[in-house]
Amino acid sequence: MNNWHQTKISNSWDYALFGGQTECLANLCEQAGAVEYVSGPSARNYLDESVFADRGLKLSWFDYAGYPEYPQLWGEFTHAVTILDLLFNCGKDASSYMKYVRP
């Protein structure tokens, strides 16, 4: 059973943001009580994994491969888009095209 509906949603301005790019993310995770930060693979180019490890935070890289194609309004299907594309194209049916990260 997924517990996504029990996830607390908050804004970054609810936290004290300080430090460089990686430090800021790790600090935010700590303040939010996170144990893991899941990032897109492009962030491997700029996130310092040791900053998360030093704080006891697991850093995981999301894999965008294997998503099913969904109806897009214009032209051939394009994978390299944001979640907004899926939401705007599929509306309430968007979740049937999503891939869930399982612990």
# chains A, B, ... in the order shown; residues from 1 in each chain; ligands from 1
>>> select_by_dssp(residues="stretch 62-91 of chain A", states="alpha helix (DSSP H)", output="PDB file with all heavy atoms, in the first residue's frame")
ATOM      1  N   ILE A  83       6.952  16.917 -15.235  1.00  0.00           N
ATOM      2  CA  ILE A  83       5.714  16.304 -14.768  1.00  0.00           C
ATOM      3  C   ILE A  83       4.510  17.148 -15.176  1.00  0.00           C
ATOM      4  O   ILE A  83       3.412  16.632 -15.354  1.00  0.00           O
ATOM      5  CB  ILE A  83       5.749  16.085 -13.231  1.00  0.00           C
ATOM      6  CG1 ILE A  83       4.527  15.295 -12.745  1.00  0.00           C
ATOM      7  CG2 ILE A  83       5.817  17.416 -12.505  1.00  0.00           C
ATOM      8  CD1 ILE A  83       4.500  13.864 -13.157  1.00  0.00           C
ATOM      9  N   LEU A  84       4.716  18.443 -15.359  1.00  0.00           N
ATOM     10  CA  LEU A  84       3.615  19.313 -15.760  1.00  0.00           C
ATOM     11  C   LEU A  84       3.043  18.893 -17.104  1.00  0.00           C
ATOM     12  O   LEU A  84       1.832  18.991 -17.324  1.00  0.00           O
ATOM     13  CB  LEU A  84       4.075  20.773 -15.808  1.00  0.00           C
ATOM     14  CG  LEU A  84       4.460  21.387 -14.470  1.00  0.00           C
ATOM     15  CD1 LEU A  84       4.993  22.799 -14.660  1.00  0.00           C
ATOM     16  CD2 LEU A  84       3.293  21.364 -13.503  1.00  0.00           C
ATOM     17  N   ASP A  85       3.889  18.415 -18.005  1.00  0.00           N
ATOM     18  CA  ASP A  85       3.412  17.954 -19.300  1.00  0.00           C
ATOM     19  C   ASP A  85       2.425  16.803 -19.118  1.00  0.00           C
ATOM     20  O   ASP A  85       1.345  16.796 -19.720  1.00  0.00           O
ATOM     21  CB  ASP A  85       4.591  17.509 -20.173  1.00  0.00           C
ATOM     22  CG  ASP A  85       4.152  17.138 -21.574  1.00  0.00           C
ATOM     23  OD1 ASP A  85       3.851  18.060 -22.358  1.00  0.00           O
ATOM     24  OD2 ASP A  85       4.075  15.928 -21.867  1.00  0.00           O
ATOM     25  N   LEU A  86       2.781  15.845 -18.284  1.00  0.00           N
ATOM     26  CA  LEU A  86       1.885  14.716 -18.005  1.00  0.00           C
ATOM     27  C   LEU A  86       0.591  15.195 -17.368  1.00  0.00           C
ATOM     28  O   LEU A  86      -0.503  14.790 -17.774  1.00  0.00           O
ATOM     29  CB  LEU A  86       2.584  13.701 -17.092  1.00  0.00           C
ATOM     30  CG  LEU A  86       1.727  12.551 -16.569  1.00  0.00           C
ATOM     31  CD1 LEU A  86       1.212  11.679 -17.704  1.00  0.00           C
ATOM     32  CD2 LEU A  86       2.517  11.716 -15.568  1.00  0.00           C
ATOM     33  N   LEU A  87       0.702  16.057 -16.373  1.00  0.00           N
ATOM     34  CA  LEU A  87      -0.492  16.543 -15.679  1.00  0.00           C
ATOM     35  C   LEU A  87      -1.429  17.311 -16.601  1.00  0.00           C
ATOM     36  O   LEU A  87      -2.643  17.111 -16.575  1.00  0.00           O
ATOM     37  CB  LEU A  87      -0.088  17.421 -14.492  1.00  0.00           C
ATOM     38  CG  LEU A  87       0.654  16.702 -13.368  1.00  0.00           C
ATOM     39  CD1 LEU A  87       1.169  17.703 -12.345  1.00  0.00           C
ATOM     40  CD2 LEU A  87      -0.228  15.652 -12.717  1.00  0.00           C
ATOM     41  N   PHE A  88      -0.869  18.180 -17.427  1.00  0.00           N
ATOM     42  CA  PHE A  88      -1.712  18.976 -18.315  1.00  0.00           C
ATOM     43  C   PHE A  88      -2.290  18.153 -19.470  1.00  0.00           C
ATOM     44  O   PHE A  88      -3.381  18.433 -19.944  1.00  0.00           O
ATOM     45  CB  PHE A  88      -0.961  20.191 -18.861  1.00  0.00           C
ATOM     46  CG  PHE A  88      -0.762  21.277 -17.841  1.00  0.00           C
ATOM     47  CD1 PHE A  88       0.480  21.834 -17.649  1.00  0.00           C
ATOM     48  CD2 PHE A  88      -1.813  21.732 -17.070  1.00  0.00           C
ATOM     49  CE1 PHE A  88       0.670  22.836 -16.705  1.00  0.00           C
ATOM     50  CE2 PHE A  88      -1.640  22.733 -16.114  1.00  0.00           C
ATOM     51  CZ  PHE A  88      -0.393  23.288 -15.943  1.00  0.00           C
ATOM     52  N   ASN A  89      -1.568  17.142 -19.909  1.00  0.00           N
ATOM     53  CA  ASN A  89      -2.057  16.306 -21.002  1.00  0.00           C
ATOM     54  C   ASN A  89      -3.034  15.230 -20.546  1.00  0.00           C
ATOM     55  O   ASN A  89      -3.933  14.853 -21.292  1.00  0.00           O
ATOM     56  CB  ASN A  89      -0.902  15.657 -21.754  1.00  0.00           C
ATOM     57  CG  ASN A  89      -0.273  16.579 -22.756  1.00  0.00           C
ATOM     58  OD1 ASN A  89      -0.890  16.946 -23.747  1.00  0.00           O
ATOM     59  ND2 ASN A  89       0.951  16.995 -22.497  1.00  0.00           N
ATOM     60  N   CYS A  90      -2.857  14.708 -19.333  1.00  0.00           N
ATOM     61  CA  CYS A  90      -3.668  13.559 -18.892  1.00  0.00           C
ATOM     62  C   CYS A  90      -4.594  13.850 -17.721  1.00  0.00           C
ATOM     63  O   CYS A  90      -5.453  13.022 -17.405  1.00  0.00           O
ATOM     64  CB  CYS A  90      -2.743  12.401 -18.541  1.00  0.00           C
ATOM     65  SG  CYS A  90      -1.810  11.827 -19.969  1.00  0.00           S
TER      66      CYS A  90
END
>>> residues_around(residues="stretch 53-66 of chain A", least_positions_apart="4", cutoff="8 Å", atoms="only C-alpha atoms", output="NGL selection string")
:A and (26 or 30 or 34-41 or 49)
>>> atom_distance(atom1="atom CA of A:Asp48", atom2="atom CA of A:Trp13")
23.0 Å
>>> residues_around(residues="A:Ala16", least_positions_apart="6", cutoff="10 Å", atoms="only C-alpha atoms", output="ChimeraX atom specification")
/A:24,27-28,31
>>> write_last_selection(atoms="C-alpha atoms", output="compact mmCIF listing (two decimals), in the first residue's frame")
# COMPACT_ATOMS: atom_id res chain seq x y z
CA CYS A 24 21.16 24.02 1.36
CA ASN A 27 20.03 21.26 5.55
CA LEU A 28 16.47 21.45 4.28
CA GLN A 31 15.01 20.26 9.07
>>> atom_distance(atom1="atom CA of A:Glu23", atom2="atom CA of A:Lys8")
22.1 Å
>>> residues_around(residues="A:Glu69", least_positions_apart="4", cutoff="10 Å", atoms="only C-alpha atoms", output="PyMOL selection string")
chain A and resi 77-79+86+97
>>> write_last_selection(atoms="all heavy atoms", output="JSON list (two decimals), in the first residue's frame")
[["chain", "number", "residue", "atom", "x", "y", "z"],
["A", 77, "PHE", "N", 5.57, 11.60, -29.40],
["A", 77, "PHE", "CA", 5.78, 11.59, -27.96],
["A", 77, "PHE", "C", 7.21, 12.00, -27.62],
["A", 77, "PHE", "O", 8.17, 11.56, -28.24],
["A", 77, "PHE", "CB", 5.51, 10.20, -27.38],
["A", 77, "PHE", "CG", 5.69, 10.14, -25.91],
["A", 77, "PHE", "CD1", 4.71, 10.63, -25.06],
["A", 77, "PHE", "CD2", 6.85, 9.63, -25.35],
["A", 77, "PHE", "CE1", 4.87, 10.61, -23.68],
["A", 77, "PHE", "CE2", 7.03, 9.59, -23.97],
["A", 77, "PHE", "CZ", 6.03, 10.09, -23.15],
["A", 78, "THR", "N", 7.34, 12.84, -26.60],
["A", 78, "THR", "CA", 8.63, 13.30, -26.11],
["A", 78, "THR", "C", 8.76, 12.93, -24.65],
["A", 78, "THR", "O", 7.92, 13.31, -23.83],
["A", 78, "THR", "CB", 8.77, 14.83, -26.26],
["A", 78, "THR", "OG1", 8.58, 15.18, -27.62],
["A", 78, "THR", "CG2", 10.12, 15.31, -25.78],
["A", 79, "HIS", "N", 9.82, 12.17, -24.30],
["A", 79, "HIS", "CA", 10.05, 11.77, -22.90],
["A", 79, "HIS", "C", 10.65, 12.89, -22.07],
["A", 79, "HIS", "O", 10.36, 13.00, -20.89],
["A", 79, "HIS", "CB", 11.02, 10.58, -22.84],
["A", 79, "HIS", "CG", 10.35, 9.25, -22.93],
["A", 79, "HIS", "ND1", 9.63, 8.72, -21.90],
["A", 79, "HIS", "CD2", 10.28, 8.35, -23.93],
["A", 79, "HIS", "CE1", 9.14, 7.53, -22.25],
["A", 79, "HIS", "NE2", 9.52, 7.30, -23.48],
["A", 86, "LEU", "N", 2.78, 15.85, -18.28],
["A", 86, "LEU", "CA", 1.89, 14.72, -18.00],
["A", 86, "LEU", "C", 0.59, 15.19, -17.37],
["A", 86, "LEU", "O", -0.50, 14.79, -17.77],
["A", 86, "LEU", "CB", 2.58, 13.70, -17.09],
["A", 86, "LEU", "CG", 1.73, 12.55, -16.57],
["A", 86, "LEU", "CD1", 1.21, 11.68, -17.70],
["A", 86, "LEU", "CD2", 2.52, 11.72, -15.57],
["A", 97, "TYR", "N", 0.16, 6.74, -15.40],
["A", 97, "TYR", "CA", 1.39, 6.74, -16.20],
["A", 97, "TYR", "C", 2.64, 6.94, -15.33],
["A", 97, "TYR", "O", 3.75, 6.93, -15.83],
["A", 97, "TYR", "CB", 1.34, 7.84, -17.25],
["A", 97, "TYR", "CG", 0.27, 7.64, -18.28],
["A", 97, "TYR", "CD1", -0.97, 8.24, -18.13],
["A", 97, "TYR", "CD2", 0.48, 6.82, -19.38],
["A", 97, "TYR", "CE1", -1.97, 8.05, -19.08],
["A", 97, "TYR", "CE2", -0.51, 6.61, -20.32],
["A", 97, "TYR", "CZ", -1.74, 7.23, -20.16],
["A", 97, "TYR", "OH", -2.72, 7.04, -21.10]]
>>> atom_distance(atom1="atom CA of A:Thr22", atom2="atom CA of A:Tyr46")
8.0 Å
>>> residues_around(residues="A:Met98", least_positions_apart="4", cutoff="9 Å", atoms="only C-alpha atoms", output="ChimeraX atom specification")
/A:67-68,86,94
>>> select_by_dssp(residues="stretch 17-102 of chain A", states="strand (DSSP E or B)", output="compact mmCIF listing (two decimals) with all heavy atoms, in the first residue's frame")
# COMPACT_ATOMS: atom_id res chain seq x y z
N GLU A 36 16.02 10.44 3.37
CA GLU A 36 16.48 10.20 2.00
C GLU A 36 16.08 11.37 1.11
O GLU A 36 15.01 11.95 1.25
CB GLU A 36 15.86 8.91 1.45
CG GLU A 36 16.29 8.58 0.05
CD GLU A 36 15.72 7.26 -0.46
OE1 GLU A 36 14.81 6.71 0.21
OE2 GLU A 36 16.18 6.77 -1.50
N TYR A 37 16.98 11.72 0.19
CA TYR A 37 16.70 12.73 -0.83
C TYR A 37 16.80 12.03 -2.18
O TYR A 37 17.81 11.41 -2.50
CB TYR A 37 17.71 13.89 -0.76
CG TYR A 37 17.46 14.96 -1.78
CD1 TYR A 37 16.39 15.85 -1.63
CD2 TYR A 37 18.26 15.09 -2.90
CE1 TYR A 37 16.14 16.83 -2.57
CE2 TYR A 37 18.02 16.08 -3.84
CZ TYR A 37 16.96 16.94 -3.67
OH TYR A 37 16.72 17.91 -4.61
N VAL A 38 15.73 12.11 -2.97
CA VAL A 38 15.71 11.50 -4.30
C VAL A 38 15.82 12.62 -5.32
O VAL A 38 15.02 13.54 -5.34
CB VAL A 38 14.40 10.69 -4.53
CG1 VAL A 38 14.41 10.05 -5.91
CG2 VAL A 38 14.22 9.64 -3.44
N SER A 39 16.84 12.52 -6.17
CA SER A 39 17.12 13.56 -7.15
C SER A 39 17.12 12.99 -8.55
O SER A 39 17.33 11.80 -8.75
CB SER A 39 18.48 14.18 -6.85
OG SER A 39 18.75 15.22 -7.76
N LYS A 58 20.43 9.47 3.04
CA LYS A 58 20.61 8.66 1.85
C LYS A 58 20.31 9.53 0.63
O LYS A 58 19.30 10.23 0.60
CB LYS A 58 19.68 7.45 1.89
CG LYS A 58 19.81 6.56 0.68
CD LYS A 58 18.89 5.36 0.78
CE LYS A 58 19.05 4.50 -0.47
NZ LYS A 58 18.12 3.37 -0.46
N LEU A 59 21.18 9.48 -0.36
CA LEU A 59 20.97 10.20 -1.62
C LEU A 59 20.73 9.16 -2.70
O LEU A 59 21.57 8.30 -2.94
CB LEU A 59 22.19 11.06 -1.96
CG LEU A 59 22.15 11.84 -3.27
CD1 LEU A 59 20.94 12.77 -3.35
CD2 LEU A 59 23.44 12.63 -3.46
N SER A 60 19.55 9.21 -3.31
CA SER A 60 19.19 8.27 -4.37
C SER A 60 18.97 9.02 -5.66
O SER A 60 18.56 10.19 -5.66
CB SER A 60 17.90 7.52 -4.00
OG SER A 60 18.08 6.77 -2.83
N TRP A 61 19.23 8.32 -6.75
CA TRP A 61 19.08 8.92 -8.08
C TRP A 61 17.89 8.27 -8.77
O TRP A 61 17.84 7.06 -8.92
CB TRP A 61 20.36 8.73 -8.89
CG TRP A 61 21.53 9.30 -8.18
CD1 TRP A 61 22.49 8.62 -7.50
CD2 TRP A 61 21.85 10.68 -8.05
NE1 TRP A 61 23.39 9.49 -6.94
CE2 TRP A 61 23.02 10.77 -7.26
CE3 TRP A 61 21.26 11.86 -8.50
CZ2 TRP A 61 23.61 11.97 -6.93
CZ3 TRP A 61 21.86 13.06 -8.17
CH2 TRP A 61 23.02 13.12 -7.40
